[in-house]
$ cat model-v7.tsv   # TSV, C-alpha atoms
chain	number	residue	atom	x	y	z
A	1	MET	CA	-11.46	-2.76	-26.69
A	2	LYS	CA	-11.90	0.86	-25.70
A	3	PRO	CA	-10.03	1.61	-22.48
A	4	TYR	CA	-11.99	2.37	-19.32
A	5	PRO	CA	-11.20	2.61	-15.57
A	6	LEU	CA	-11.10	-0.83	-13.98
A	7	GLN	CA	-12.44	-1.66	-10.54
A	8	PHE	CA	-11.55	-4.92	-8.82
A	9	GLN	CA	-13.15	-7.23	-6.29
A	10	PRO	CA	-10.88	-6.92	-3.23
A	11	GLU	CA	-9.14	-9.98	-1.83
A	12	MET	CA	-9.75	-9.90	1.92
A	13	LYS	CA	-7.10	-11.34	4.23
A	14	GLU	CA	-7.67	-12.47	7.80
A	15	ARG	CA	-4.94	-11.28	10.16
A	16	VAL	CA	-4.49	-11.74	13.89
A	17	TRP	CA	-4.35	-7.94	14.24
A	18	GLY	CA	-7.33	-7.18	11.98
A	19	GLY	CA	-10.92	-6.12	12.65
A	20	ARG	CA	-14.11	-5.26	10.77
A	21	ALA	CA	-13.58	-1.59	9.89
A	22	LEU	CA	-13.37	-2.22	6.13
A	23	GLU	CA	-17.12	-2.89	6.22
A	24	LYS	CA	-17.67	0.86	6.47
A	25	PHE	CA	-16.61	1.16	2.82
A	26	GLY	CA	-19.43	-1.16	1.79
A	27	PHE	CA	-17.25	-4.23	1.31
A	28	SER	CA	-18.68	-7.64	2.14
A	29	LEU	CA	-16.19	-9.22	4.53
A	30	PRO	CA	-15.74	-12.90	5.25
A	31	GLU	CA	-15.91	-13.98	8.88
A	32	GLY	CA	-12.96	-13.26	11.11
A	33	ALA	CA	-10.52	-10.48	11.83
A	34	ILE	CA	-9.94	-8.91	8.42
A	35	GLY	CA	-6.72	-6.92	8.44
A	36	GLU	CA	-5.98	-6.44	4.74
A	37	GLY	CA	-8.04	-5.70	1.67
A	38	TRP	CA	-5.92	-6.28	-1.42
A	39	MET	CA	-7.61	-3.79	-3.71
A	40	ILE	CA	-5.44	-4.24	-6.81
A	41	GLY	CA	-3.18	-7.28	-6.84
A	42	ASP	CA	-1.31	-9.50	-9.29
A	43	HIS	CA	0.52	-11.85	-6.93
A	44	PRO	CA	0.49	-15.63	-6.36
A	45	ASN	CA	-0.93	-14.96	-2.89
A	46	GLY	CA	-3.76	-12.78	-4.19
A	47	THR	CA	-4.89	-11.80	-7.69
A	48	THR	CA	-7.87	-9.46	-7.91
A	49	LYS	CA	-10.58	-9.80	-10.54
A	50	VAL	CA	-12.21	-7.02	-12.55
A	51	MET	CA	-15.79	-6.36	-11.51
A	52	ASN	CA	-16.94	-3.77	-14.08
A	53	GLY	CA	-17.22	-3.44	-17.84
A	54	VAL	CA	-16.34	-5.88	-20.58
A	55	LEU	CA	-13.41	-7.34	-18.63
A	56	ALA	CA	-15.56	-8.28	-15.62
A	57	GLY	CA	-14.50	-11.61	-14.16
A	58	ARG	CA	-10.99	-11.48	-15.60
A	59	GLY	CA	-8.01	-11.57	-13.23
A	60	LEU	CA	-5.48	-8.76	-13.31
A	61	ASP	CA	-2.91	-11.32	-14.45
A	62	GLU	CA	-5.10	-12.28	-17.42
A	63	VAL	CA	-5.68	-8.64	-18.35
A	64	ARG	CA	-1.94	-7.98	-18.14
A	65	GLN	CA	-1.12	-10.94	-20.36
A	66	GLU	CA	-3.68	-10.01	-23.00
A	67	TYR	CA	-3.32	-6.23	-23.19
A	68	GLY	CA	0.27	-5.71	-22.10
A	69	VAL	CA	1.97	-2.40	-22.77
A	70	SER	CA	-1.12	-0.76	-24.30
A	71	MET	CA	-2.92	-0.92	-20.96
A	72	PHE	CA	-0.13	-0.80	-18.40
A	73	GLY	CA	2.36	1.43	-20.19
A	74	SER	CA	5.95	1.00	-21.26
A	75	LYS	CA	7.05	1.06	-17.60
A	76	GLY	CA	4.06	-0.82	-16.22
A	77	PHE	CA	5.68	-4.16	-15.43
A	78	SER	CA	8.15	-5.43	-12.87
A	79	GLN	CA	11.44	-5.97	-14.69
A	80	LYS	CA	12.13	-8.96	-12.42
A	81	THR	CA	8.80	-10.81	-12.46
A	82	GLY	CA	6.90	-9.36	-15.43
A	83	ARG	CA	3.89	-8.81	-13.18
A	84	PHE	CA	2.00	-5.66	-12.32
A	85	PRO	CA	4.60	-3.80	-10.24
A	86	LEU	CA	2.42	-2.50	-7.37
A	87	LEU	CA	0.15	-3.96	-4.73
A	88	ILE	CA	-2.60	-1.65	-3.45
A	89	LYS	CA	-4.10	-2.31	0.00
A	90	LEU	CA	-6.39	-1.00	2.69
A	91	LEU	CA	-5.35	-2.02	6.22
A	92	ASP	CA	-7.53	-2.19	9.33
A	93	CYS	CA	-5.29	-2.37	12.41
A	94	GLU	CA	-7.46	-3.33	15.35
A	95	ASP	CA	-4.32	-4.47	17.18
A	96	ASP	CA	-0.57	-3.82	16.86
A	97	LEU	CA	1.21	-5.33	13.87
A	98	SER	CA	4.49	-7.18	14.34
A	99	VAL	CA	7.74	-5.20	14.33
A	100	GLN	CA	9.08	-5.95	10.87
A	101	VAL	CA	11.39	-5.01	8.04
A	102	HIS	CA	11.44	-5.74	4.31
A	103	PRO	CA	14.35	-6.53	1.98
A	104	ASP	CA	15.09	-4.81	-1.31
A	105	ASP	CA	15.17	-6.55	-4.68
A	106	SER	CA	18.85	-7.44	-4.38
A	107	TYR	CA	18.64	-9.53	-1.20
A	108	SER	CA	20.02	-12.99	-1.93
A	109	ASN	CA	17.60	-14.84	0.35
A	110	LEU	CA	14.43	-13.66	-1.39
A	111	ALA	CA	12.06	-16.42	-2.41
A	112	SER	CA	12.21	-17.30	-6.09
A	113	GLY	CA	10.10	-14.90	-8.17
A	114	GLU	CA	9.56	-12.51	-5.27
A	115	LEU	CA	10.39	-8.81	-5.08
A	116	GLY	CA	11.69	-6.69	-2.26
A	117	LYS	CA	9.23	-4.37	-0.59
A	118	THR	CA	9.34	-0.60	-0.49
A	119	GLU	CA	6.01	0.90	0.53
A	120	MET	CA	4.19	3.98	1.74
A	121	TRP	CA	1.34	4.55	4.17
A	122	TYR	CA	-1.38	7.17	4.20
A	123	ILE	CA	-3.26	7.32	7.51
A	124	MET	CA	-6.97	7.49	6.68
A	125	ALA	CA	-8.18	7.43	10.29
A	126	ALA	CA	-6.56	7.13	13.70
A	127	LYS	CA	-8.04	6.69	17.14
A	128	PRO	CA	-6.85	9.05	19.90
A	129	GLY	CA	-3.40	8.04	21.09
A	130	ALA	CA	-2.65	5.88	18.04
A	131	LYS	CA	1.02	5.48	17.17
A	132	ILE	CA	3.35	3.55	14.92
A	133	ILE	CA	6.92	2.30	15.10
A	134	TYR	CA	8.97	4.09	12.48
A	135	GLY	CA	12.69	3.34	12.38
A	136	MET	CA	15.25	2.88	15.12
A	137	HIS	CA	16.85	5.38	17.45
A	138	TYR	CA	19.89	7.11	16.01
A	139	GLY	CA	23.11	5.12	16.39
A	140	VAL	CA	21.62	1.66	16.93
A	141	THR	CA	23.96	-0.89	15.34
A	142	ARG	CA	23.45	-4.50	14.36
A	143	GLU	CA	25.33	-5.59	17.46
A	144	MET	CA	23.23	-3.40	19.75
A	145	LEU	CA	19.99	-4.62	18.18
A	146	THR	CA	21.09	-8.26	18.39
A	147	GLU	CA	21.81	-7.85	22.09
A	148	ALA	CA	18.48	-6.11	22.72
A	149	ILE	CA	16.60	-8.92	20.97
A	150	ALA	CA	18.41	-11.53	23.06
A	151	GLU	CA	17.50	-9.66	26.25
A	152	ASN	CA	13.85	-9.13	25.17
A	153	ARG	CA	14.12	-5.32	25.13
A	154	ILE	CA	13.93	-4.61	21.40
A	155	MET	CA	11.39	-1.84	21.99
A	156	ASP	CA	14.16	0.22	23.63
A	157	CYS	CA	15.78	0.51	20.18
A	158	LEU	CA	12.72	1.67	18.27
A	159	GLN	CA	11.11	5.04	17.59
A	160	GLU	CA	7.42	5.50	18.30
A	161	VAL	CA	5.56	8.21	16.39
A	162	PRO	CA	2.02	9.45	17.21
A	163	VAL	CA	-0.22	9.56	14.14
A	164	GLU	CA	-3.40	11.24	12.99
A	165	ALA	CA	-5.50	11.19	9.83
A	166	GLY	CA	-3.64	12.71	6.89
A	167	ASP	CA	-0.14	11.65	7.95
A	168	SER	CA	1.98	10.07	5.22
A	169	PHE	CA	4.98	7.76	5.66
A	170	TYR	CA	7.48	6.63	3.03
A	171	ILE	CA	9.02	3.29	4.04
A	172	PRO	CA	11.91	2.16	1.85
A	173	ALA	CA	13.17	-1.40	2.16
A	174	GLY	CA	15.40	-1.69	5.23
A	175	THR	CA	13.19	0.48	7.48
A	176	VAL	CA	12.10	-1.16	10.76
A	177	HIS	CA	8.41	-0.37	11.23
A	178	ALA	CA	5.06	-1.45	12.65
A	179	LEU	CA	1.56	-0.07	12.45
A	180	GLY	CA	-0.11	0.33	15.82
A	181	ALA	CA	-3.61	-0.42	17.00
A	182	GLY	CA	-6.38	1.95	16.01
A	183	VAL	CA	-5.34	3.07	12.53
A	184	LEU	CA	-6.92	2.65	9.11
A	185	VAL	CA	-4.35	2.88	6.34
A	186	ALA	CA	-4.01	3.04	2.56
A	187	GLU	CA	-0.84	1.25	1.49
A	188	ILE	CA	0.91	1.48	-1.87
A	189	GLN	CA	3.81	-0.96	-2.17
A	190	GLN	CA	5.92	-3.04	-4.46
A	191	ASN	CA	4.13	-6.18	-5.58
A	192	SER	CA	5.59	-8.34	-2.83
A	193	ASP	CA	4.42	-10.44	0.09
A	194	THR	CA	7.81	-10.69	1.82
A	195	THR	CA	7.89	-9.65	5.47
A	196	TYR	CA	10.57	-10.41	8.06
A	197	ARG	CA	9.32	-10.23	11.65
A	198	LEU	CA	11.63	-9.03	14.41
A	199	TYR	CA	9.13	-9.09	17.27
A	200	ASP	CA	5.49	-10.11	17.67
A	201	TYR	CA	4.68	-9.42	21.34
A	202	ASN	CA	4.78	-13.19	22.11
A	203	ARG	CA	1.32	-13.29	20.56
A	204	PRO	CA	-0.30	-16.42	19.15
A	205	GLY	CA	-1.38	-16.36	15.53
A	206	LEU	CA	-4.71	-17.39	14.07
A	207	ASP	CA	-3.77	-21.05	14.56
A	208	GLY	CA	-3.04	-20.50	18.26
A	209	LYS	CA	0.73	-20.93	17.79
A	210	LEU	CA	3.40	-18.27	18.03
A	211	ARG	CA	4.10	-16.77	14.63
A	212	GLU	CA	7.51	-17.31	13.05
A	213	LEU	CA	10.18	-14.68	13.56
A	214	HIS	CA	12.92	-13.98	10.99
A	215	ILE	CA	15.71	-12.57	13.10
A	216	GLU	CA	18.72	-13.34	10.89
A	217	ASP	CA	17.07	-12.13	7.68
A	218	SER	CA	15.87	-9.02	9.47
A	219	LEU	CA	19.32	-8.23	10.84
A	220	ASN	CA	20.75	-8.74	7.35
A	221	VAL	CA	18.45	-6.29	5.54
A	222	ILE	CA	18.02	-3.45	8.04
A	223	ALA	CA	19.49	-0.14	6.82
A	224	TYR	CA	21.41	0.73	9.98
A	225	ASN	CA	22.73	4.00	8.57
A	226	GLY	CA	19.33	5.18	7.33
A	227	SER	CA	17.00	3.96	4.63
A	228	GLY	CA	15.82	7.30	3.24
A	229	SER	CA	12.48	7.10	5.03
A	230	SER	CA	10.45	10.28	5.45
A	231	PHE	CA	7.06	11.37	6.76
A	232	MET	CA	4.89	14.45	6.45
A	233	LYS	CA	1.63	16.12	7.35
A	234	THR	CA	-0.46	16.44	4.20
A	235	ASN	CA	-3.08	19.09	4.95
A	236	ILE	CA	-4.09	20.82	1.73
A	237	GLU	CA	-6.76	23.41	1.09
A	238	GLU	CA	-6.35	24.32	-2.57
A	239	THR	CA	-8.20	22.16	-5.08
A	240	GLY	CA	-6.81	21.00	-8.38
A	241	LYS	CA	-3.17	20.58	-7.38
A	242	TRP	CA	-1.11	17.51	-6.46
A	243	LEU	CA	1.01	17.24	-3.33
A	244	THR	CA	3.81	14.65	-3.65
A	245	LEU	CA	3.76	12.22	-0.72
A	246	ALA	CA	6.32	9.66	-1.91
A	247	GLU	CA	8.73	9.75	-4.82
A	248	SER	CA	11.02	6.80	-5.47
A	249	PRO	CA	12.38	4.82	-8.43
A	250	LEU	CA	9.52	2.36	-7.77
A	251	PHE	CA	6.43	4.59	-7.56
A	252	ILE	CA	5.17	8.13	-7.10
A	253	VAL	CA	2.21	8.85	-4.83
A	254	GLU	CA	0.41	12.19	-4.76
A	255	LYS	CA	-2.56	13.61	-2.89
A	256	GLY	CA	-5.12	15.91	-4.45
A	257	LEU	CA	-8.23	17.75	-3.30
A	258	VAL	CA	-11.03	17.66	-5.88
A	259	GLY	CA	-13.52	20.50	-6.25
A	260	SER	CA	-14.81	21.74	-9.57
A	261	LYS	CA	-14.08	19.65	-12.64
A	262	TRP	CA	-10.38	18.73	-12.77
A	263	GLU	CA	-9.16	17.76	-16.23
A	264	LEU	CA	-6.33	15.20	-16.22
A	265	GLN	CA	-4.58	12.82	-18.60
A	266	THR	CA	-2.73	9.52	-18.53
A	267	THR	CA	0.53	9.01	-20.43
A	268	LEU	CA	1.74	6.03	-22.42
A	269	ASP	CA	4.52	5.44	-19.89
A	270	SER	CA	2.39	4.27	-16.99
A	271	PHE	CA	-1.01	3.28	-15.70
A	272	VAL	CA	-2.55	5.42	-12.93
A	273	VAL	CA	-4.13	4.14	-9.70
A	274	LEU	CA	-6.68	6.39	-8.00
A	275	MET	CA	-7.78	5.75	-4.39
A	276	ILE	CA	-10.60	7.75	-2.84
A	277	MET	CA	-9.77	8.72	0.76
A	278	GLU	CA	-12.65	11.05	1.66
A	279	GLY	CA	-15.76	12.56	0.13
A	280	SER	CA	-17.46	11.58	-3.10
A	281	GLY	CA	-17.62	12.59	-6.72
A	282	ILE	CA	-17.39	11.45	-10.32
A	283	LEU	CA	-14.58	9.93	-12.34
A	284	GLY	CA	-15.24	10.73	-15.99
A	285	TRP	CA	-13.59	9.82	-19.29
A	286	GLU	CA	-14.46	10.05	-22.97
A	287	ASP	CA	-16.89	7.15	-23.01
A	288	GLY	CA	-18.47	7.26	-19.58
A	289	SER	CA	-18.34	8.03	-15.88
A	290	LEU	CA	-18.27	6.25	-12.53
A	291	GLU	CA	-19.33	7.35	-9.08
A	292	ALA	CA	-16.45	7.51	-6.61
A	293	LYS	CA	-16.63	7.14	-2.82
A	294	PRO	CA	-14.22	6.38	0.05
A	295	GLY	CA	-12.43	3.07	-0.32
A	296	ASP	CA	-12.88	2.93	-4.09
A	297	CYS	CA	-9.79	2.13	-6.16
A	298	PHE	CA	-9.56	2.59	-9.91
A	299	LEU	CA	-6.91	1.37	-12.33
A	300	LEU	CA	-6.63	3.72	-15.31
A	301	SER	CA	-4.85	2.28	-18.32
A	302	ALA	CA	-1.94	4.14	-19.86
A	303	ASN	CA	-3.91	4.61	-23.09
A	304	LEU	CA	-7.05	5.99	-21.43
A	305	GLY	CA	-5.98	9.55	-22.25
A	306	ASN	CA	-8.18	12.35	-20.95
A	307	TYR	CA	-10.12	11.85	-17.73
A	308	SER	CA	-11.62	14.10	-15.09
A	309	LEU	CA	-12.41	14.22	-11.38
A	310	GLU	CA	-15.32	16.22	-10.07
A	311	GLY	CA	-17.06	16.58	-6.70
A	312	SER	CA	-15.78	17.02	-3.19
A	313	MET	CA	-13.19	14.36	-2.40
A	314	THR	CA	-9.61	13.62	-1.44
A	315	VAL	CA	-7.74	11.34	-3.82
A	316	LEU	CA	-4.40	9.53	-3.88
A	317	ARG	CA	-2.83	9.12	-7.31
A	318	SER	CA	-0.08	6.53	-7.87
A	319	TYR	CA	1.95	5.86	-10.99
A	320	LEU	CA	5.44	4.82	-12.10
A	321	PRO	CA	8.24	7.39	-12.48

$ encode --input "model-v7.tsv" --output "structure tokens"
Amino acid sequence: MKPYPLQFQPEMKERVWGGRALEKFGFSLPEGAIGEGWMIGDHPNGTTKVMNGVLAGRGLDEVRQEYGVSMFGSKGFSQKTGRFPLLIKLLDCEDDLSVQVHPDDSYSNLASGELGKTEMWYIMAAKPGAKIIYGMHYGVTREMLTEAIAENRIMDCLQEVPVEAGDSFYIPAGTVHALGAGVLVAEIQQNSDTTYRLYDYNRPGLDGKLRELHIEDSLNVIAYNGSGSSFMKTNIEETGKWLTLAESPLFIVEKGLVGSKWELQTTLDSFVVLMIMEGSGILGWEDGSLEAKPGDCFLLSANLGNYSLEGSMTVLRSYLP
């Protein structure tokens, strides 16, 4: 089979904090408050299926099993699970998300076959006054946080950060965080569905019951002395150059502004994931081309080789280091 860019049917997830904003990308949403669109996923809780070309109808897990290293690259698999190592999402936050933290791969209480979760966010849109929780105030210890939780004043320990479109946040495992109401977010993360909730505003879930909290696990995995988190404004004006947003042992994410034809190339080490943030254009390769618009996600195989981007659009590019 000749390689070509794969597009997948998103897996839509209802969340108590979700809304309907993902419809603006042309997606057909099921009923309910849709908080997450899993755009590229190879996880027991959501495996996306190819919707274009000769592999249409095949799950990402099936494609991985059949084509292996030739498609995903020599680094393109989780060493722990053998699965595709990343999970690519779009998030619609109509309401505040729970205050949460994720473990790393070494945490002993991880579910069998599950990974830790380091992630990054790119803010695609933000309503006036939108903010997120991003880490704790300097000097907060486990003992101080435990006491604050017991006295129902956890928010006193947390940092709130105002956000606007174009902001980028790197969130290593161990970082306390929460997206706030009114943001639309692209998320690139380890292929994991493990979340430990510290606080959920005493809010009922979709079933009308309070959602489970995971206080002890959370206290165990928080990086009290700093996790290595970082954030940045990402305004760029020059086309044809990549700005690094997140660089870790688990993934690299870059932002580029496309103008005239931009010639690029994959390597045999890693697949490439392209996410269109703004504008429109054309993704071309040796044997064809695809139109690209906001919300589109493309998985480029490691053996695709030469490809190009052309038009007027902002793109995120993710790959393995």

$ residues_around --input "model-v7.tsv" --residues "segment 91-99 of chain A" --least-positions-apart "6" --cutoff "7 Å" --atoms "all atoms listed in the file" --output "PyMOL selection string"
chain A and resi 17-19+21-22+35-37+176-186+197-200

$ residues_around --input "model-v7.tsv" --residues "Asp61 of chain A" --least-positions-apart "6" --cutoff "8 Å" --atoms "only C-alpha atoms" --output "MDAnalysis selection string"
chainID A and resid 42 47 83:84

$ residues_around --input "model-v7.tsv" --residues "Glu247 of chain A" --least-positions-apart "4" --cutoff "12 Å" --atoms "only C-alpha atoms" --output "list in words"
Thr118, Glu119, Met120, Phe169, Tyr170, Ile171, Pro172, Ile188, Gly228, Ser229, Ser230, Phe231, Leu243, Phe251, Ile252, Val253, Glu254, Arg317, Ser318, Tyr319, Leu320 and Pro321 of chain A

$ atom_distance --input "model-v7.tsv" --atom1 "atom CA of Asp167 of chain A" --atom2 "atom CA of Trp121 of chain A"
8.2 Å

$ closest_residue --input "model-v7.tsv" --among "A:Met39, A:Leu158, A:Met136, A:Val315" --to "Glu187 of chain A" --atoms "only C-alpha atoms"
A:Met39

$ closest_residue --input "model-v7.tsv" --among "A:Ile123, A:Met51, A:Ile276, A:Val69" --to "Ala165 of chain A" --atoms "only C-alpha atoms"
A:Ile123

$ residues_around --input "model-v7.tsv" --residues "Glu147 of chain A" --least-positions-apart "4" --cutoff "12 Å" --atoms "all atoms listed in the file" --output "count of residues only"
12

$ atom_distance --input "model-v7.tsv" --atom1 "atom CA of Gly256 of chain A" --atom2 "atom CA of Gln7 of chain A"
20.0 Å

$ axis_aligned_box --input "model-v7.tsv" --around "segment 25-30 of chain A" --padding-each-side "4 Å" --output "lines of an AutoDock Vina configuration file"
center_x = -17.6
center_y = -5.9
center_z = 3.3
size_x = 11.7
size_y = 22.1
size_z = 11.9
